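Peer 1: You'll find start_11.cif just under this line, and it carries mmCIF, C-alpha atoms.
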```cif
data_final
#
loop_
_atom_site.label_atom_id
_atom_site.label_comp_id
_atom_site.auth_asym_id
_atom_site.auth_seq_id
_atom_site.Cartn_x
_atom_site.Cartn_y
_atom_site.Cartn_z
CA MET A 1 -64.06 -10.05 -52.96
CA LYS A 2 -60.90 -11.46 -51.47
CA LYS A 3 -57.77 -9.41 -51.95
CA GLY A 4 -55.88 -12.25 -53.66
CA LEU A 5 -58.66 -12.86 -56.19
CA LYS A 6 -58.92 -9.15 -56.90
CA ILE A 7 -55.18 -8.91 -57.58
CA ALA A 8 -55.39 -11.96 -59.86
CA LEU A 9 -58.28 -10.45 -61.86
CA ILE A 10 -56.45 -7.13 -62.22
CA THR A 11 -53.29 -8.92 -63.36
CA ILE A 12 -55.18 -10.97 -65.97
CA THR A 13 -56.99 -7.85 -67.21
CA LEU A 14 -53.69 -5.99 -67.62
CA ILE A 15 -52.17 -8.92 -69.51
CA VAL A 16 -55.16 -9.06 -71.87
CA LEU A 17 -55.02 -5.30 -72.46
CA LEU A 18 -51.28 -5.37 -73.10
CA GLY A 19 -51.69 -8.33 -75.43
CA THR A 20 -54.37 -6.47 -77.37
CA VAL A 21 -52.18 -3.38 -77.77
CA PHE A 22 -49.11 -5.44 -78.70
CA ALA A 23 -51.14 -7.49 -81.21
CA PHE A 24 -52.45 -4.34 -82.91
CA ILE A 25 -48.95 -2.84 -83.18
CA ASP A 26 -47.39 -6.05 -84.52
CA TYR A 27 -50.24 -6.61 -86.98
CA THR A 28 -49.87 -3.04 -88.27
CA ARG A 29 -46.10 -3.47 -88.65
CA LEU A 30 -46.54 -6.65 -90.69
CA LYS A 31 -49.10 -4.96 -92.90
CA ASN A 32 -46.42 -2.35 -93.61
CA ASP A 33 -43.77 -5.01 -94.35
CA LYS A 34 -42.00 -4.54 -91.03
CA LYS A 35 -41.08 -7.24 -88.54
CA PRO A 36 -43.23 -7.37 -85.35
CA ILE A 37 -41.44 -6.15 -82.23
CA PHE A 38 -43.39 -7.75 -79.35
CA ILE A 39 -43.00 -11.39 -80.37
CA TYR A 40 -41.11 -13.93 -78.30
CA ARG A 41 -41.03 -16.75 -80.83
CA ASN A 42 -41.43 -17.28 -84.57
CA VAL A 43 -41.96 -20.55 -86.42
CA HIS A 44 -41.57 -21.25 -90.13
CA VAL A 45 -44.60 -23.03 -91.57
CA TYR A 46 -44.19 -25.44 -94.47
CA THR A 47 -46.37 -27.26 -96.94
CA ASN A 48 -44.34 -30.31 -97.98
CA THR A 49 -40.90 -28.67 -98.40
CA LYS A 50 -42.14 -25.25 -99.49
CA LEU A 51 -41.94 -22.37 -97.04
CA LEU A 52 -45.53 -21.15 -96.70
CA GLY A 53 -45.04 -18.36 -94.19
CA VAL A 54 -44.02 -17.40 -90.66
CA GLU A 55 -46.13 -17.71 -87.51
CA TYR A 56 -45.29 -15.06 -84.90
CA TYR A 57 -46.23 -15.55 -81.24
CA GLY A 58 -46.83 -12.69 -78.82
CA LEU A 59 -48.54 -12.12 -75.48
CA GLY A 60 -51.88 -13.86 -75.96
CA TYR A 61 -51.92 -13.76 -79.76
CA SER A 62 -50.36 -15.20 -82.88
CA ILE A 63 -49.97 -13.65 -86.32
CA PHE A 64 -49.47 -15.75 -89.42
CA ASP A 65 -47.62 -13.96 -92.21
CA CYS A 66 -48.50 -16.16 -95.18
CA LYS A 67 -46.94 -15.33 -98.54
CA GLU A 68 -48.99 -17.93 -100.42
CA CYS A 69 -52.47 -17.31 -98.95
CA MET A 70 -55.35 -15.17 -100.21
CA LYS A 71 -55.37 -13.38 -96.85
CA LYS A 72 -51.70 -12.57 -96.40
CA ILE A 73 -51.75 -11.80 -92.68
CA LYS A 74 -53.97 -13.55 -90.16
CA ILE A 75 -54.17 -12.67 -86.47
CA ASN A 76 -55.50 -15.15 -83.91
CA PRO A 77 -56.08 -15.08 -80.15
CA LEU A 78 -53.58 -17.35 -78.45
CA TYR A 79 -54.29 -19.82 -75.69
CA PHE A 80 -52.62 -19.00 -72.38
CA SER A 81 -50.88 -22.33 -72.17
CA THR A 82 -47.34 -23.63 -71.91
CA TYR A 83 -47.45 -24.75 -75.55
CA ALA A 84 -46.94 -21.24 -76.87
CA TRP A 85 -43.84 -20.68 -74.75
CA PHE A 86 -41.99 -23.81 -75.81
CA ILE A 87 -42.54 -24.05 -79.55
CA SER A 88 -39.36 -25.10 -81.32
CA SER A 89 -38.53 -22.96 -84.33
CA SER A 90 -36.54 -24.09 -87.36
CA ASP A 91 -33.05 -22.75 -86.78
CA ILE A 92 -30.48 -22.16 -89.48
CA ASP A 93 -28.06 -25.06 -89.54
CA ASN A 94 -25.80 -24.21 -92.45
CA VAL A 95 -24.86 -21.31 -94.72
CA LYS A 96 -23.27 -22.17 -98.06
CA ILE A 97 -21.85 -19.60 -100.45
CA ILE A 98 -21.61 -20.39 -104.15
CA GLU A 99 -18.58 -18.58 -105.51
CA SER A 100 -18.52 -17.12 -109.01
CA GLU A 101 -16.16 -18.83 -111.43
CA LYS A 102 -15.25 -15.44 -112.82
CA CYS A 103 -15.13 -12.62 -110.28
CA ASN A 104 -15.13 -9.10 -111.69
CA SER A 105 -14.40 -7.62 -108.24
CA LYS A 106 -17.65 -5.63 -108.31
CA ALA A 107 -20.57 -5.80 -105.91
CA GLU A 108 -23.82 -7.03 -107.44
CA LEU A 109 -27.26 -6.01 -106.15
CA TYR A 110 -28.86 -9.08 -104.56
CA TYR A 111 -31.86 -7.90 -102.52
CA SER A 112 -33.62 -4.62 -101.67
CA PHE A 113 -35.45 -3.95 -98.40
CA SER A 114 -38.53 -1.73 -98.18
CA ASP A 115 -36.54 0.79 -96.08
CA ASN A 116 -34.09 1.53 -98.93
CA ARG A 117 -31.34 -0.74 -97.64
CA ASN A 118 -29.74 -3.10 -100.15
CA VAL A 119 -27.88 -6.39 -99.93
CA TYR A 120 -24.99 -6.85 -102.36
CA THR A 121 -22.93 -9.93 -103.17
CA TYR A 122 -19.25 -9.94 -104.04
CA CYS A 123 -17.78 -12.73 -106.19
CA LEU A 124 -20.79 -14.93 -105.41
CA ASP A 125 -23.45 -16.53 -107.60
CA ASP A 126 -25.76 -17.18 -104.65
CA ILE A 127 -26.09 -18.02 -100.96
CA LYS A 128 -27.91 -21.13 -99.72
CA ILE A 129 -29.41 -21.57 -96.26
CA THR A 130 -30.28 -24.97 -94.78
CA GLU A 131 -32.34 -25.38 -91.62
CA LYS A 132 -32.10 -28.17 -89.08
CA ASN A 133 -35.13 -29.84 -90.65
CA GLU A 134 -33.05 -30.02 -93.87
CA ASN A 135 -35.23 -27.56 -95.81
CA SER A 136 -33.01 -25.45 -98.04
CA PHE A 137 -33.57 -21.98 -99.54
CA THR A 138 -31.70 -19.23 -101.26
CA LEU A 139 -30.94 -16.27 -99.01
CA LYS A 140 -33.16 -14.13 -101.25
CA ASP A 141 -36.18 -16.38 -100.65
CA TYR A 142 -35.44 -16.44 -96.93
CA LEU A 143 -35.22 -12.65 -96.78
CA ASN A 144 -38.73 -12.46 -98.22
CA MET A 145 -39.90 -14.25 -95.08
CA ASP A 146 -37.51 -12.89 -92.48
CA ASN A 147 -35.69 -9.60 -93.10
CA ASP A 148 -33.48 -10.17 -90.05
CA VAL A 149 -32.00 -13.49 -91.16
CA ILE A 150 -28.66 -11.88 -92.07
CA TYR A 151 -28.23 -10.76 -88.47
CA ASP A 152 -29.01 -14.31 -87.33
CA ILE A 153 -26.27 -15.55 -89.67
CA ILE A 154 -23.85 -12.96 -88.28
CA GLU A 155 -24.61 -14.01 -84.71
CA LYS A 156 -24.30 -17.74 -85.33
CA PHE A 157 -21.70 -18.12 -88.08
CA THR A 158 -19.26 -15.21 -87.77
CA ILE A 159 -16.85 -13.52 -85.41
CA TRP A 160 -18.34 -10.45 -83.66
CA PRO A 161 -16.83 -8.34 -85.32
CA GLU A 162 -13.46 -8.93 -86.91
CA ALA A 163 -12.95 -5.27 -87.83
CA SER A 164 -14.72 -1.93 -87.47
CA PHE A 165 -14.24 1.40 -89.18
CA ASP A 166 -14.43 5.07 -88.18
CA ASP A 167 -17.00 6.09 -90.82
CA GLY A 168 -19.87 6.01 -88.35
CA GLY A 169 -19.90 2.38 -87.27
CA THR A 170 -19.35 0.08 -90.27
CA LYS A 171 -18.28 -3.42 -89.26
CA ILE A 172 -17.02 -6.49 -91.08
CA PHE A 173 -17.76 -9.97 -89.77
CA SER A 174 -15.76 -13.04 -90.76
CA GLY A 175 -17.32 -16.47 -91.28
CA GLU A 176 -15.60 -19.75 -92.16
CA ASN A 177 -15.55 -19.03 -95.90
CA PHE A 178 -17.32 -15.69 -96.28
CA ASN A 179 -17.30 -12.12 -95.00
CA ILE A 180 -20.24 -9.84 -94.25
CA LEU A 181 -19.80 -6.07 -94.30
CA VAL A 182 -22.55 -4.12 -92.53
CA CYS A 183 -22.45 -0.43 -93.41
CA LYS A 184 -23.33 2.24 -90.91
CA THR A 185 -22.02 5.58 -92.07
CA ILE A 186 -22.58 9.19 -91.07
CA SER A 187 -24.27 9.61 -94.47
CA ASP A 188 -26.86 7.03 -93.33
CA ASN A 189 -25.72 4.19 -95.57
CA ASN A 190 -26.89 0.88 -94.06
CA ASN A 191 -26.27 -1.48 -96.96
CA ILE A 192 -24.95 -5.00 -96.46
CA TYR A 193 -22.28 -6.78 -98.51
CA ILE A 194 -21.75 -10.54 -98.50
CA GLY A 195 -18.74 -11.99 -100.25
CA THR A 196 -15.80 -14.33 -100.24
CA LYS A 197 -13.01 -14.16 -97.69
CA THR A 198 -11.15 -11.82 -100.03
CA MET A 199 -13.82 -9.16 -99.64
CA GLY A 200 -12.93 -6.30 -97.33
CA TYR A 201 -14.03 -2.67 -97.11
CA ASN A 202 -13.53 -2.30 -100.85
CA LYS A 203 -13.51 0.97 -102.74
CA GLY A 204 -17.06 2.06 -103.51
CA PHE A 205 -18.61 0.10 -100.63
CA CYS A 206 -20.79 1.92 -98.09
CA GLU A 207 -20.76 5.17 -100.08
#
```
Represent the supplied structure as C-alpha cells.
Peer 2:
Amino acid sequence: MKKGLKIALITITLIVLLGTVFAFIDYTRLKNDKKPIFIYRNVHVYTNTKLLGVEYYGLGYSIFDCKECMKKIKINPLYFSTYAWFISSSDIDNVKIIESEKCNSKAELYYSFSDNRNVYTYCLDDIKITEKNENSFTLKDYLNMDNDVIYDIIEKFTIWPEASFDDGGTKIFSGENFNILVCKTISDNNNIYIGTKTMGYNKGFCE
C-alpha cells in the first residue's frame, strides 16, 4: 500500500472515531438537558412560524433536539460534504424589552435553568427576540431551546462589560435600552438579571 494512501486511510479512520466519541458525548449531554460542546453550527428548525427544535452539527454527525416530537432527540450520521460547514443559522436580529407600567423595584423570577441558575427581570413585563427571518419569540421560549441565548445577546447587543464588581466576578452589561447583570460571586451565585437602564447592582441581587 502506498504511503500516501495509508496516511489518508489512517486520517479518515481517526476522524470517524473522533466523530463517534464526540457524537456520544453531545448526545448524552442533550439527554441530560445540557448543551453539546463539540458542535460547530446549530440551526433552528421551524414548522410554519413555530420553533420546532434545534439541529446541532458536529464532526460527521448531527443531533436534532426536537421539543415537539415523540422522540425528543435524534442523532444522525452526517455526510462529509461542504454543505454541513456552510449552513446559515437564524441569528438574533433584535431584542425588545417590554417595560412594566408600574415598577415595584423588585426582581421577578423569569426562568430557571436545570443547574440551579435563575433569570430574573427588573421592571419588565417580558423580553421579545426577533430573528433575521422575522420569527419572534419570548426570551423564555427561546431559552427552552437554547440556554446560551442570553450570552449571545450580551455579545451582540451590549458593551463588554460596562462595570464589574469585586464579589468574585459579577459584571453588568449595558444595551441600548436594557442592562444585564451576570452574577459570579464567591458564594457561587450565577444568577442573571435583565432590566431597564435604571437597573444596577441593586440591593439583594447576587446574594
Peer 1: I need the residue set behind the PyMOL selection byres ((chain A and resi 114) around 10) for this file; please write it as a PyMOL selection string.
Peer 2: chain A and resi 32-34+112-113+115-118+147
Peer 1: Keeping only C-alpha atoms, write the selected residues as a short mmCIF file (atom, residue, chain, number, x, y, z; two decimals), keeping the file's coordinate frame.
Peer 2:
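This is the output file part34.cif:
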```
data_model
loop_
_atom_site.label_atom_id
_atom_site.label_comp_id
_atom_site.auth_asym_id
_atom_site.auth_seq_id
_atom_site.Cartn_x
_atom_site.Cartn_y
_atom_site.Cartn_z
CA ASN A 32 -46.42 -2.35 -93.61
CA ASP A 33 -43.77 -5.01 -94.35
CA LYS A 34 -42.00 -4.54 -91.03
CA SER A 112 -33.62 -4.62 -101.67
CA PHE A 113 -35.45 -3.95 -98.40
CA ASP A 115 -36.54 0.79 -96.08
CA ASN A 116 -34.09 1.53 -98.93
CA ARG A 117 -31.34 -0.74 -97.64
CA ASN A 118 -29.74 -3.10 -100.15
CA ASN A 147 -35.69 -9.60 -93.10
#
```
Peer 1: Build an axis-aligned box that encloses every atom of region 172-178 of chain A listed in the file, pad it by 4 Å on each side, and report its centre and edge lengths in Å to one decimal, as lines of an AutoDock Vina configuration file.
Peer 2:
```
center_x = -16.7
center_y = -13.1
center_z = -93.0
size_x = 10.2
size_y = 21.3
size_z = 14.5
```
Peer 1: Please tell me which residues are no farther than 7 Å from (-22.4, 1.3, -91.9) in the file, counting only C-alpha atoms, and write them as a ChimeraX atom specification.
Peer 2: /A:168-171,182-185,189-191,206
Peer 1: Write a file of the just-selected residues containing C-alpha atoms, as a JSON list (two decimals), in the coordinates of the input.
Peer 2:
```
[["chain", "number", "residue", "atom", "x", "y", "z"],
["A", 168, "GLY", "CA", -19.87, 6.01, -88.35],
["A", 169, "GLY", "CA", -19.90, 2.38, -87.27],
["A", 170, "THR", "CA", -19.35, 0.08, -90.27],
["A", 171, "LYS", "CA", -18.28, -3.42, -89.26],
["A", 182, "VAL", "CA", -22.55, -4.12, -92.53],
["A", 183, "CYS", "CA", -22.45, -0.43, -93.41],
["A", 184, "LYS", "CA", -23.33, 2.24, -90.91],
["A", 185, "THR", "CA", -22.02, 5.58, -92.07],
["A", 189, "ASN", "CA", -25.72, 4.19, -95.57],
["A", 190, "ASN", "CA", -26.89, 0.88, -94.06],
["A", 191, "ASN", "CA", -26.27, -1.48, -96.96],
["A", 206, "CYS", "CA", -20.79, 1.92, -98.09]]
```
Peer 1: Quick one, how far is CA of Ser100 (chain A) from CA of Ile127 (chain A)?
Peer 2: 11.1 Å
Peer 1: Between A:Phe173, A:Ala8, A:Pro36, A:Thr130, which has the minimum distance to Asp93 (chain A) (counting only C-alpha atoms)?
Peer 2: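 Looking at the shortest contact to Asp93 (chain A), the residue is A:Thr130.
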Peer 1: Determine the nearest neighbour of Glu131 (chain A) from the options A:Leu59, A:Ile186, A:Cys66, A:Ile153, counting all atoms listed in the file.
Peer 2: A:Ile153
Peer 1: Can you tell me how far CA of Tyr57 (chain A) sits from CA of Tyr40 (chain A), in Å to one decimal?
Peer 2: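 These two atoms are separated by 6.1 Å.
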